[in-house]
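Below: final-v4.cif (mmCIF, C-alpha atoms)
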data_my_file
loop_
_atom_site.label_atom_id
_atom_site.label_comp_id
_atom_site.auth_asym_id
_atom_site.auth_seq_id
_atom_site.Cartn_x
_atom_site.Cartn_y
_atom_site.Cartn_z
CA MET T 12 -4.70 -3.10 23.56
CA ASP T 13 -2.10 -5.47 22.10
CA LEU T 14 -1.79 -7.29 18.80
CA LYS T 15 -3.06 -10.59 20.22
CA GLU T 16 -6.28 -8.94 21.40
CA ILE T 17 -6.66 -7.16 18.07
CA LYS T 18 -6.33 -10.42 16.11
CA GLU T 19 -8.82 -12.24 18.34
CA LYS T 20 -11.41 -9.50 17.85
CA ALA T 21 -10.71 -9.30 14.12
CA ARG T 22 -11.14 -13.05 13.79
CA GLU T 23 -14.60 -12.67 15.30
CA ASN T 24 -15.60 -9.67 13.17
CA LEU T 25 -14.20 -11.10 9.92
CA LYS T 26 -15.56 -14.62 10.37
CA GLY T 27 -16.41 -16.15 7.01
CA TYR T 28 -14.32 -13.60 5.11
CA CYS T 29 -10.84 -13.74 6.65
CA ARG T 30 -9.41 -16.41 8.94
CA VAL T 31 -6.84 -14.01 10.41
CA CYS T 32 -4.24 -16.72 10.02
CA ASN T 33 -1.17 -16.70 12.26
CA ILE T 34 0.83 -16.48 9.05
CA CYS T 35 -1.00 -14.40 6.46
CA ASP T 36 0.42 -15.90 3.27
CA GLY T 37 -2.61 -16.35 1.01
CA ARG T 38 -2.68 -20.16 1.15
CA ALA T 39 -5.90 -20.60 3.13
CA CYS T 40 -7.81 -18.04 1.05
CA ARG T 41 -6.66 -18.99 -2.47
CA GLY T 42 -9.14 -17.85 -5.10
CA GLU T 43 -11.42 -16.05 -2.67
CA VAL T 44 -12.15 -12.95 -4.75
CA PRO T 45 -14.45 -11.27 -3.76
CA GLY T 46 -13.01 -11.91 -0.34
CA MET T 47 -9.51 -11.45 1.03
CA GLY T 48 -7.60 -13.95 -1.09
CA GLY T 49 -5.59 -13.94 -4.27
CA ILE T 50 -7.08 -14.49 -7.72
CA GLY T 51 -7.21 -18.00 -9.21
CA THR T 52 -4.62 -20.30 -7.65
CA GLY T 53 -3.57 -17.52 -5.28
CA SER T 54 -0.01 -17.76 -6.58
CA SER T 55 0.45 -14.00 -7.02
CA PHE T 56 -0.50 -13.30 -3.39
CA ILE T 57 1.73 -16.17 -2.25
CA ALA T 58 4.58 -14.94 -4.47
CA ASN T 59 4.66 -11.62 -2.60
CA ILE T 60 5.20 -13.44 0.69
CA GLU T 61 7.67 -15.98 -0.67
CA ALA T 62 9.78 -13.39 -2.50
CA LEU T 63 10.22 -11.42 0.71
CA SER T 64 10.90 -14.54 2.79
CA LYS T 65 13.79 -15.58 0.54
CA ILE T 66 15.73 -12.39 1.27
CA ARG T 67 18.38 -12.71 3.96
CA LEU T 68 19.86 -9.79 5.90
CA ASN T 69 23.43 -9.02 6.94
CA LEU T 70 23.70 -8.75 10.72
CA ARG T 71 25.98 -5.85 11.70
CA THR T 72 26.57 -4.62 15.25
CA ILE T 73 29.85 -2.70 15.11
CA HIS T 74 28.61 0.79 14.24
CA ASP T 75 27.05 3.96 15.66
CA ALA T 76 23.43 3.36 14.58
CA LYS T 77 22.20 3.23 18.18
CA ASP T 78 18.97 5.20 17.76
CA PRO T 79 17.89 5.14 14.10
CA ASP T 80 15.75 7.91 12.66
CA ILE T 81 12.92 6.26 10.73
CA SER T 82 11.13 9.47 9.71
CA ILE T 83 10.69 10.49 6.09
CA GLU T 84 9.16 13.32 4.11
CA ILE T 85 6.67 12.62 1.31
CA PHE T 86 4.92 15.27 -0.78
CA GLY T 87 5.90 17.92 1.78
CA LYS T 88 4.58 15.91 4.75
CA LYS T 89 6.91 14.79 7.53
CA LEU T 90 5.99 11.23 8.53
CA ALA T 91 7.14 9.29 11.59
CA MET T 92 7.76 6.17 9.51
CA PRO T 93 8.15 5.01 5.87
CA ILE T 94 5.00 2.89 6.26
CA LEU T 95 1.66 4.03 4.82
CA ALA T 96 -1.80 2.45 4.80
CA ALA T 97 -2.64 1.16 1.32
CA PRO T 98 -5.90 2.12 -0.43
CA ILE T 99 -8.51 -0.45 0.64
CA THR T 100 -12.22 -0.65 -0.11
CA GLY T 101 -14.91 -3.31 0.14
CA ALA T 102 -15.60 -3.47 3.88
CA SER T 103 -19.11 -4.62 2.94
CA TYR T 104 -18.47 -7.36 0.35
CA ASN T 105 -14.83 -8.37 0.96
CA MET T 106 -14.81 -8.15 4.76
CA GLY T 107 -18.30 -9.07 5.88
CA GLY T 108 -19.76 -5.68 6.67
CA LYS T 109 -19.34 -5.65 10.46
CA ILE T 110 -17.87 -2.19 9.86
CA SER T 111 -19.49 0.11 7.30
CA GLU T 112 -17.46 1.47 4.40
CA GLU T 113 -17.60 4.99 5.83
CA GLU T 114 -16.55 3.88 9.31
CA PHE T 115 -13.79 1.64 7.95
CA ILE T 116 -12.02 4.29 5.90
CA HIS T 117 -12.36 6.86 8.68
CA ILE T 118 -10.65 4.36 11.00
CA VAL T 119 -7.82 3.82 8.49
CA ILE T 120 -7.21 7.50 7.72
CA SER T 121 -7.49 8.70 11.33
CA GLY T 122 -5.60 5.71 12.78
CA SER T 123 -2.75 6.27 10.31
CA LYS T 124 -2.57 9.94 11.25
CA ASP T 125 -2.51 9.06 14.96
CA ALA T 126 0.46 6.75 14.25
CA GLY T 127 2.31 9.65 12.61
CA THR T 128 1.90 8.45 9.05
CA ILE T 129 -0.65 8.75 6.27
CA GLY T 130 -3.39 6.55 4.85
CA MET T 131 -4.78 6.20 1.37
CA CYS T 132 -8.43 5.87 0.39
CA GLY T 133 -9.62 3.85 -2.58
CA ASP T 134 -12.40 3.76 -5.13
CA GLY T 135 -15.02 1.19 -6.12
CA GLY T 136 -18.23 0.40 -7.94
CA ASP T 137 -20.40 1.98 -5.23
CA PRO T 138 -19.94 5.80 -5.09
CA VAL T 139 -19.93 5.59 -1.29
CA PHE T 140 -16.44 4.05 -1.41
CA TYR T 141 -14.66 7.07 -2.83
CA GLU T 142 -16.97 9.62 -1.23
CA SER T 143 -16.37 8.09 2.21
CA GLY T 144 -12.62 8.23 1.63
CA LEU T 145 -12.67 11.92 0.75
CA LYS T 146 -14.93 12.63 3.71
CA ALA T 147 -12.41 10.90 5.99
CA ILE T 148 -9.51 12.83 4.47
CA LYS T 149 -11.36 16.12 4.89
CA SER T 150 -12.15 15.29 8.53
CA GLN T 151 -8.39 14.89 9.11
CA GLN T 152 -7.58 18.27 7.55
CA GLY T 153 -6.51 16.75 4.24
CA HIS T 154 -4.17 14.19 5.79
CA GLY T 155 -4.67 11.44 3.23
CA ILE T 156 -4.08 10.32 -0.35
CA ALA T 157 -6.87 9.48 -2.81
CA ILE T 158 -6.47 6.61 -5.28
CA ILE T 159 -8.98 6.22 -8.12
CA LYS T 160 -9.83 3.20 -10.25
CA PRO T 161 -8.78 3.33 -13.95
CA ARG T 162 -12.19 4.42 -15.22
CA ARG T 163 -12.85 6.61 -18.25
CA ASN T 164 -10.69 9.73 -18.09
CA ASP T 165 -13.61 12.13 -17.65
CA GLU T 166 -14.76 10.13 -14.61
CA ILE T 167 -11.24 10.13 -13.16
CA ILE T 168 -10.84 13.87 -13.70
CA LYS T 169 -14.05 14.54 -11.76
CA ARG T 170 -12.68 12.50 -8.88
CA ILE T 171 -9.32 14.29 -9.05
CA LYS T 172 -11.11 17.61 -8.61
CA ASP T 173 -13.06 16.18 -5.66
CA ALA T 174 -9.78 15.06 -4.05
CA GLU T 175 -8.35 18.55 -4.52
CA SER T 176 -11.42 20.05 -2.85
CA ALA T 177 -11.03 17.64 0.07
CA GLY T 178 -7.47 18.88 0.57
CA ALA T 179 -5.78 15.53 -0.18
CA VAL T 180 -1.98 15.41 -0.12
CA ALA T 181 -1.79 13.53 -3.43
CA VAL T 182 -3.97 11.67 -5.90
CA GLY T 183 -3.49 8.80 -8.31
CA ILE T 184 -4.93 5.75 -10.03
CA ASP T 185 -4.42 2.09 -9.22
CA ILE T 186 -3.80 1.18 -12.82
CA ASP T 187 -3.33 -2.41 -11.64
CA GLY T 188 -7.12 -2.40 -11.10
CA ALA T 189 -7.68 -2.72 -14.85
CA GLY T 190 -10.14 -5.58 -15.34
CA LEU T 191 -10.98 -5.81 -11.64
CA ILE T 192 -13.75 -8.40 -11.22
CA THR T 193 -15.58 -6.60 -8.42
CA MET T 194 -15.79 -3.40 -10.46
CA SER T 195 -17.29 -5.27 -13.40
CA LEU T 196 -19.81 -6.96 -11.12
CA MET T 197 -20.97 -3.49 -10.04
CA GLY T 198 -21.30 -2.21 -13.59
CA GLN T 199 -18.25 0.05 -13.34
CA PRO T 200 -15.86 -1.03 -16.12
CA VAL T 201 -12.18 -0.23 -15.80
CA GLY T 202 -9.24 -0.75 -18.13
CA PRO T 203 -5.67 0.04 -19.11
CA LYS T 204 -4.46 3.52 -20.06
CA THR T 205 -2.36 4.82 -22.94
CA LYS T 206 0.50 7.25 -22.41
CA GLN T 207 -1.62 10.04 -23.85
CA GLU T 208 -4.49 9.27 -21.48
CA LEU T 209 -2.10 9.35 -18.53
CA LYS T 210 -0.64 12.68 -19.66
CA GLU T 211 -4.16 14.09 -19.84
CA LEU T 212 -4.95 12.97 -16.31
CA ILE T 213 -1.72 14.30 -14.86
CA SER T 214 -2.16 17.64 -16.63
CA GLN T 215 -5.54 17.99 -14.93
CA SER T 216 -4.19 17.53 -11.39
CA ARG T 217 -2.77 20.20 -9.10
CA LEU T 218 -1.68 17.42 -6.75
CA PRO T 219 1.28 15.02 -7.01
CA PHE T 220 0.11 12.09 -9.15
CA ILE T 221 0.73 8.43 -8.27
CA LEU T 222 0.59 5.42 -10.59
CA LYS T 223 -0.10 2.30 -8.53
CA GLY T 224 0.43 -1.09 -10.09
CA VAL T 225 3.77 -0.84 -11.92
CA MET T 226 5.54 -4.21 -12.19
CA THR T 227 8.01 -3.73 -15.08
CA GLU T 228 10.92 -1.44 -15.84
CA ASP T 229 9.42 -0.14 -19.08
CA GLU T 230 6.22 0.97 -17.38
CA ALA T 231 8.23 2.61 -14.59
CA GLU T 232 10.05 4.62 -17.26
CA ILE T 233 6.69 5.54 -18.84
CA ALA T 234 5.52 6.81 -15.44
CA VAL T 235 8.53 9.14 -15.35
CA GLU T 236 7.94 10.19 -18.94
CA VAL T 237 4.29 11.15 -18.41
CA GLY T 238 5.07 13.21 -15.33
CA ALA T 239 3.92 11.04 -12.42
CA LYS T 240 5.54 11.93 -9.10
CA ALA T 241 5.39 8.41 -7.67
CA ILE T 242 4.80 4.80 -8.58
CA VAL T 243 3.65 1.89 -6.46
CA VAL T 244 5.32 -1.37 -7.39
CA SER T 245 2.37 -3.67 -6.81
CA ASN T 246 0.47 -6.66 -8.23
CA HIS T 247 -2.67 -5.48 -6.42
CA GLY T 248 -2.10 -7.90 -3.57
CA GLY T 249 -2.28 -10.80 -6.01
CA ARG T 250 -5.95 -10.07 -6.67
CA ILE T 251 -5.84 -9.18 -10.37
CA LEU T 252 -3.67 -11.58 -12.41
CA ASP T 253 -2.66 -15.10 -11.45
CA HIS T 254 0.99 -16.18 -11.71
CA THR T 255 2.71 -12.80 -11.46
CA PRO T 256 6.09 -12.53 -9.71
CA GLY T 257 6.30 -11.18 -6.21
CA VAL T 258 6.97 -7.47 -5.78
CA ALA T 259 10.37 -8.15 -4.19
CA GLU T 260 11.43 -9.98 -7.37
CA VAL T 261 10.83 -7.02 -9.70
CA LEU T 262 11.54 -4.06 -7.39
CA PRO T 263 15.36 -4.04 -7.69
CA ARG T 264 15.28 -3.82 -11.50
CA ILE T 265 12.69 -1.06 -11.40
CA ALA T 266 14.68 0.86 -8.80
CA ARG T 267 17.85 0.64 -10.90
CA LYS T 268 15.96 2.26 -13.79
CA VAL T 269 14.09 5.11 -12.07
CA LYS T 270 15.36 5.58 -8.49
CA GLY T 271 15.83 9.29 -7.86
CA GLU T 272 13.64 10.29 -10.80
CA ILE T 273 10.36 9.31 -9.17
CA LEU T 274 9.22 8.28 -5.69
CA ILE T 275 8.98 4.50 -5.36
CA PHE T 276 6.49 2.77 -3.07
CA ALA T 277 6.38 -1.02 -2.67
CA ASP T 278 3.14 -2.82 -1.82
CA GLY T 279 2.60 -6.52 -1.25
CA GLY T 280 3.10 -8.99 1.58
CA VAL T 281 4.39 -6.59 4.25
CA ARG T 282 3.79 -8.25 7.60
CA SER T 283 6.56 -6.82 9.79
CA GLY T 284 9.13 -4.08 10.13
CA VAL T 285 11.74 -6.50 8.82
CA ASP T 286 9.72 -6.76 5.59
CA VAL T 287 9.73 -2.96 5.43
CA LEU T 288 13.53 -2.95 5.77
CA LYS T 289 13.84 -5.50 2.95
CA TYR T 290 11.75 -3.40 0.55
CA LEU T 291 13.68 -0.26 1.40
CA ALA T 292 16.98 -2.10 0.84
CA LEU T 293 15.67 -3.31 -2.54
CA GLY T 294 15.05 0.27 -3.65
CA ALA T 295 11.71 1.48 -2.28
CA ASP T 296 11.39 4.91 -0.66
CA ALA T 297 8.42 3.76 1.44
CA VAL T 298 5.99 0.85 1.67
CA LEU T 299 2.23 0.37 1.73
CA VAL T 300 0.48 -2.02 4.11
CA GLY T 301 -2.93 -3.51 3.35
CA ARG T 302 -4.17 -6.68 5.03
CA PRO T 303 -2.55 -6.00 8.45
CA VAL T 304 -4.32 -2.63 8.48
CA ILE T 305 -7.63 -4.42 7.85
CA ILE T 306 -6.93 -6.68 10.84
CA GLY T 307 -6.14 -3.61 12.96
CA ALA T 308 -9.33 -1.84 11.89
CA PHE T 309 -11.65 -4.81 12.48
CA GLY T 310 -9.87 -5.82 15.67
CA GLY T 311 -9.45 -2.47 17.36
CA GLY T 312 -10.77 0.45 15.36
CA LYS T 313 -8.44 3.38 14.81
CA GLU T 314 -6.44 2.38 17.90
CA GLY T 315 -5.97 -1.05 16.30
CA VAL T 316 -4.64 0.53 13.10
CA LYS T 317 -2.30 2.69 15.17
CA VAL T 318 -1.03 -0.33 17.12
CA VAL T 319 -0.35 -2.33 13.92
CA LEU T 320 1.56 0.52 12.25
CA GLU T 321 3.54 1.47 15.36
CA LYS T 322 4.53 -2.16 15.95
CA MET T 323 5.91 -2.36 12.41
CA ALA T 324 7.74 0.93 12.96
CA GLN T 325 9.36 -0.39 16.14
CA GLU T 326 10.35 -3.62 14.38
CA LEU T 327 11.88 -1.59 11.56
CA LYS T 328 13.89 0.49 14.02
CA GLN T 329 15.17 -2.64 15.77
CA ALA T 330 16.11 -4.23 12.43
CA MET T 331 17.99 -1.07 11.46
CA ILE T 332 19.99 -1.21 14.68
CA LEU T 333 20.95 -4.79 13.86
CA THR T 334 21.95 -4.01 10.26
CA GLY T 335 23.81 -0.74 10.93
CA CYS T 336 21.38 1.77 9.41
CA LYS T 337 21.13 5.10 11.23
CA ASP T 338 18.37 6.55 9.04
CA ILE T 339 16.17 5.62 6.10
CA LYS T 340 18.58 7.07 3.53
CA SER T 341 21.36 4.82 4.79
CA ILE T 342 19.38 1.65 4.00
CA ASP T 343 20.70 0.15 0.76
CA GLU T 344 21.66 -3.16 -0.86
CA ARG T 345 24.49 -3.65 1.69
CA VAL T 346 21.77 -4.75 4.09
CA ILE T 347 20.97 -7.77 1.92
CA TYR T 348 23.01 -10.98 2.01
CA LYS T 349 23.90 -12.15 -1.49
#

How does this structure look as structure tokens?
Amino acid sequence: MDLKEIKEKARENLKGYCRVCNICDGRACRGEVPGMGGIGTGSSFIANIEALSKIRLNLRTIHDAKDPDISIEIFGKKLAMPILAAPITGASYNMGGKISEEEFIHIVISGSKDAGTIGMCGDGGDPVFYESGLKAIKSQQGHGIAIIKPRRNDEIIKRIKDAESAGAVAVGIDIDGAGLITMSLMGQPVGPKTKQELKELISQSRLPFILKGVMTEDEAEIAVEVGAKAIVVSNHGGRILDHTPGVAEVLPRIARKVKGEILIFADGGVRSGVDVLKYLALGADAVLVGRPVIIGAFGGGKEGVKVVLEKMAQELKQAMILTGCKDIKSIDERVIYK
């Protein structure tokens, strides 16, 4: 199974919901929410792609980085690559339903594990979304991370305890889901959180806690202050607020403020291993991948997810050879042409 075959099959299975464009940049699917596009004009989705595309790399070939080590350790887990599957739900209403919610998240979690990395499960208006994710994590001996929507705290705490029981590696909330249209449509209101509310949630968790959806330096500092172990710099794939900057535009400033104090993930517009290298050079410790994982799942099941992730890993390794980086820790701003 190769990527061309996976895309052809995905195009068939996602017909009417995702065009599986040769260049997945959010232009063809502007405003398609629910669906796979960005909110409103689609500019926030597009900004993620454009911000990454503007970054140029310094080519270096006089060095000893002949066989780079791309492995990392996160929350006590050794991973083969700094590339994780983002939390994704909505196989039924965003992706056409050719794969059930339960089957989809099992494919993502198990396919990620087979690739040597880890996948995240998400939450949604239908209880089956989160329950299916935890079931998938449990089936893989806890090899997964659970992300919860920013509901009322008592509802989140119940889901934290469920994630602990499933043996999840970590838990968190995608705080960038505040005001999510699809949640409102399903009668599941979500909203922002105060510092005190976040402290309460984190105090109730035995697992490392992640705040997904941080796009400013001040909120990154708040995440450190309240005791989160990781943040995800993310605009929710451009699906929440129109006209936000791309993640690559804000990541360097956030990294300068909190790098080393908290784990930093970057999420948005990753389409290749070169994109992964760019985010790492801008200050991320690892990246999350969303839409390409969907293509892998709908085009080839768990093997498709594995192929997509491993191809990115190989591209990252090749890019590291050509920029003189022998391991993930050696990737820094020297990689970027200024």

- Run through the PyMOL selection byres ((chain T and resi 318-328) around 9) on the given coordinates and return the selected residues as a ChimeraX atom specification. /T:12-14,17,78-81,91-96,122-123,126-128,282-288,300,303-304,306-307,311,313-317,329-333,336

- Query: When the PyMOL selection byres ((chain T and resi 58) around 8) is applied to the file above, which residues end up in the set, as a PyMOL selection string?
  - Reply: chain T and resi 54-57+59-62+255-258

- Task: On this file, the PyMOL selection byres ((chain T and resi 349) around 12) gives some set of residues; write that set as a list in words.
- Result: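 The output of the PyMOL selection byres ((chain T and resi 349) around 12) on this file is Lys65, Ile66, Arg67, Leu68, Asn69, Glu344, Arg345, Val346, Ile347 and Tyr348 of chain T.
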
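Take atom CA of Gly280 of chain T and atom CA of Ala292 of chain T: the distance between them is 15.5 Å.
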
- Message: Set the distance at 12 Å and use all atoms listed in the file: which residues neighbour segment 27-32 of chain T once local chain neighbours fewer than 5 positions away are removed? I'd like the list as a PyMOL selection string.
- Response: chain T and resi 14-15+17-22+37-41+43-48+101-109+282+302-307+309-310

- Message: Report as an MDAnalysis selection string all protein, DNA and RNA residues lying within 7 Å of segment 232-235 of chain T, evaluated on all atoms listed in the file, omitting residues in the same chain fewer than 2 positions from it.
- Response: chainID T and resid 228:230 237:239 269 272:273

- Up to 6 Å from (-11.6, 18.7, 1.9) in the file's coordinates: name the residues, counting all atoms listed in the file, as an MDAnalysis selection string. chainID T and resid 149 153 176:178

- Message: What's the separation between atom CA of Gly53 of chain T and atom CA of Leu291 of chain T, in Å to one decimal place?
- Response: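 Computing the Euclidean distance for atom CA of Gly53 of chain T and atom CA of Leu291 of chain T yields 25.3 Å.
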
- segment 241-245 of chain T surroundings by all atoms listed in the file, 8 Å radius, close-in-sequence under 4 positions cut, as a PyMOL selection string: chain T and resi 187+219-226+231+234+258+262+273-279

Put those residues in a file: C-alpha atoms, as a PDB file, in the frame of the given file.
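Here's the written file selection13.pdb:
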ATOM      1  CA  ASP T 187      -3.330  -2.410 -11.640  1.00  0.00           C
ATOM      2  CA  PRO T 219       1.280  15.020  -7.010  1.00  0.00           C
ATOM      3  CA  PHE T 220       0.110  12.090  -9.150  1.00  0.00           C
ATOM      4  CA  ILE T 221       0.730   8.430  -8.270  1.00  0.00           C
ATOM      5  CA  LEU T 222       0.590   5.420 -10.590  1.00  0.00           C
ATOM      6  CA  LYS T 223      -0.100   2.300  -8.530  1.00  0.00           C
ATOM      7  CA  GLY T 224       0.430  -1.090 -10.090  1.00  0.00           C
ATOM      8  CA  VAL T 225       3.770  -0.840 -11.920  1.00  0.00           C
ATOM      9  CA  MET T 226       5.540  -4.210 -12.190  1.00  0.00           C
ATOM     10  CA  ALA T 231       8.230   2.610 -14.590  1.00  0.00           C
ATOM     11  CA  ALA T 234       5.520   6.810 -15.440  1.00  0.00           C
ATOM     12  CA  VAL T 258       6.970  -7.470  -5.780  1.00  0.00           C
ATOM     13  CA  LEU T 262      11.540  -4.060  -7.390  1.00  0.00           C
ATOM     14  CA  ILE T 273      10.360   9.310  -9.170  1.00  0.00           C
ATOM     15  CA  LEU T 274       9.220   8.280  -5.690  1.00  0.00           C
ATOM     16  CA  ILE T 275       8.980   4.500  -5.360  1.00  0.00           C
ATOM     17  CA  PHE T 276       6.490   2.770  -3.070  1.00  0.00           C
ATOM     18  CA  ALA T 277       6.380  -1.020  -2.670  1.00  0.00           C
ATOM     19  CA  ASP T 278       3.140  -2.820  -1.820  1.00  0.00           C
ATOM     20  CA  GLY T 279       2.600  -6.520  -1.250  1.00  0.00           C
TER      21      GLY T 279
END

- Task: Would you mind reading off the distance between atom CA of Val180 of chain T and atom CA of Ile156 of chain T, one decimal, in Å?
- Result: 5.5 Å

- Query: Hey, what's within 9 Å of Ala157 of chain T if we count all atoms listed in the file and toss same-chain stuff fewer than 6 positions away? As a list of chain:residue names, please?
  - Reply: T:Pro98, T:Gly130, T:Met131, T:Cys132, T:Gly133, T:Asp134, T:Tyr141, T:Gly144, T:Leu145, T:Ile148, T:Arg170, T:Ile171, T:Ala174, T:Ala179, T:Val180, T:Ala181, T:Val182, T:Gly183, T:Ile184

- Item | Pick from T:Gly294, T:Gly312, T:Ile265, T:Glu84, whichever lies nearest to Ile118 of chain T using only C-alpha atoms | T:Gly312

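Minimum distance to Gly42 of chain T across T:Val298, T:Ala308, T:Leu252, T:Ile342 (counting all atoms listed in the file) occurs at T:Leu252.
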
Please, what is the axis-aligned box for every listed atom of segment 204-219 of chain T with 8 Å on each side, as centre and edge lengths in Å to one decimal, as AutoDock Vina command-line options?
--center_x -2.1 --center_y 11.9 --center_z -15.3 --size_x 22.8 --size_y 32.7 --size_z 33.1

Excluding same-chain residues fewer than 5 positions from segment 164-166 of chain T, what lies within 10 Å of it counting all atoms listed in the file, as a short mmCIF file (atom, residue, chain, number, x, y, z; two decimals) with C-alpha atoms, in the coordinates of the input?
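In the end it all went to around14.cif:
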data_model
loop_
_atom_site.label_atom_id
_atom_site.label_comp_id
_atom_site.auth_asym_id
_atom_site.auth_seq_id
_atom_site.Cartn_x
_atom_site.Cartn_y
_atom_site.Cartn_z
CA ILE T 159 -8.98 6.22 -8.12
CA ILE T 171 -9.32 14.29 -9.05
CA LYS T 204 -4.46 3.52 -20.06
CA GLU T 208 -4.49 9.27 -21.48
CA LEU T 209 -2.10 9.35 -18.53
CA GLU T 211 -4.16 14.09 -19.84
CA LEU T 212 -4.95 12.97 -16.31
#

Please rebuild segment 64-70 of chain T with all heavy atoms and give the result as a CSV table (one decimal), in the frame of the given file.
chain,number,residue,atom,x,y,z
T,64,SER,N,10.3,-13.6,1.8
T,64,SER,CA,10.9,-14.5,2.8
T,64,SER,C,12.3,-15.1,2.4
T,64,SER,O,13.1,-15.5,3.2
T,64,SER,CB,9.9,-15.7,3.0
T,64,SER,OG,9.9,-16.5,1.9
T,65,LYS,N,12.5,-15.0,1.1
T,65,LYS,CA,13.8,-15.6,0.5
T,65,LYS,C,15.0,-14.6,0.8
T,65,LYS,O,16.1,-15.0,0.6
T,65,LYS,CB,13.7,-15.9,-1.0
T,65,LYS,CG,12.8,-17.1,-1.2
T,65,LYS,CD,12.6,-17.3,-2.7
T,65,LYS,CE,11.7,-18.5,-3.0
T,65,LYS,NZ,11.4,-18.6,-4.5
T,66,ILE,N,14.7,-13.4,1.1
T,66,ILE,CA,15.7,-12.4,1.3
T,66,ILE,C,16.3,-12.5,2.7
T,66,ILE,O,15.6,-12.6,3.7
T,66,ILE,CB,15.2,-11.0,1.1
T,66,ILE,CG1,14.7,-10.8,-0.4
T,66,ILE,CG2,16.2,-9.9,1.4
T,66,ILE,CD1,13.9,-9.6,-0.6
T,67,ARG,N,17.7,-12.6,2.7
T,67,ARG,CA,18.4,-12.7,4.0
T,67,ARG,C,19.1,-11.4,4.2
T,67,ARG,O,19.5,-10.7,3.3
T,67,ARG,CB,19.4,-13.9,3.9
T,67,ARG,CG,18.7,-15.2,3.7
T,67,ARG,CD,17.9,-15.7,4.9
T,67,ARG,NE,17.3,-17.0,4.7
T,67,ARG,CZ,16.1,-17.2,4.3
T,67,ARG,NH1,15.3,-16.2,4.1
T,67,ARG,NH2,15.6,-18.4,4.2
T,68,LEU,N,19.3,-11.1,5.5
T,68,LEU,CA,19.9,-9.8,5.9
T,68,LEU,C,21.2,-10.0,6.5
T,68,LEU,O,21.5,-11.0,7.2
T,68,LEU,CB,18.9,-9.1,6.9
T,68,LEU,CG,17.5,-8.8,6.4
T,68,LEU,CD1,16.7,-8.2,7.6
T,68,LEU,CD2,17.5,-7.9,5.2
T,69,ASN,N,22.1,-9.0,6.3
T,69,ASN,CA,23.4,-9.0,6.9
T,69,ASN,C,23.4,-8.4,8.3
T,69,ASN,O,23.0,-7.3,8.5
T,69,ASN,CB,24.4,-8.2,6.1
T,69,ASN,CG,24.8,-8.9,4.8
T,69,ASN,OD1,25.0,-10.1,4.8
T,69,ASN,ND2,24.8,-8.2,3.7
T,70,LEU,N,23.7,-9.2,9.3
T,70,LEU,CA,23.7,-8.8,10.7
T,70,LEU,C,25.0,-8.0,11.0
T,70,LEU,O,26.1,-8.5,10.8
T,70,LEU,CB,23.6,-10.0,11.7
T,70,LEU,CG,23.8,-9.7,13.2
T,70,LEU,CD1,22.6,-8.9,13.7
T,70,LEU,CD2,23.9,-11.0,13.9
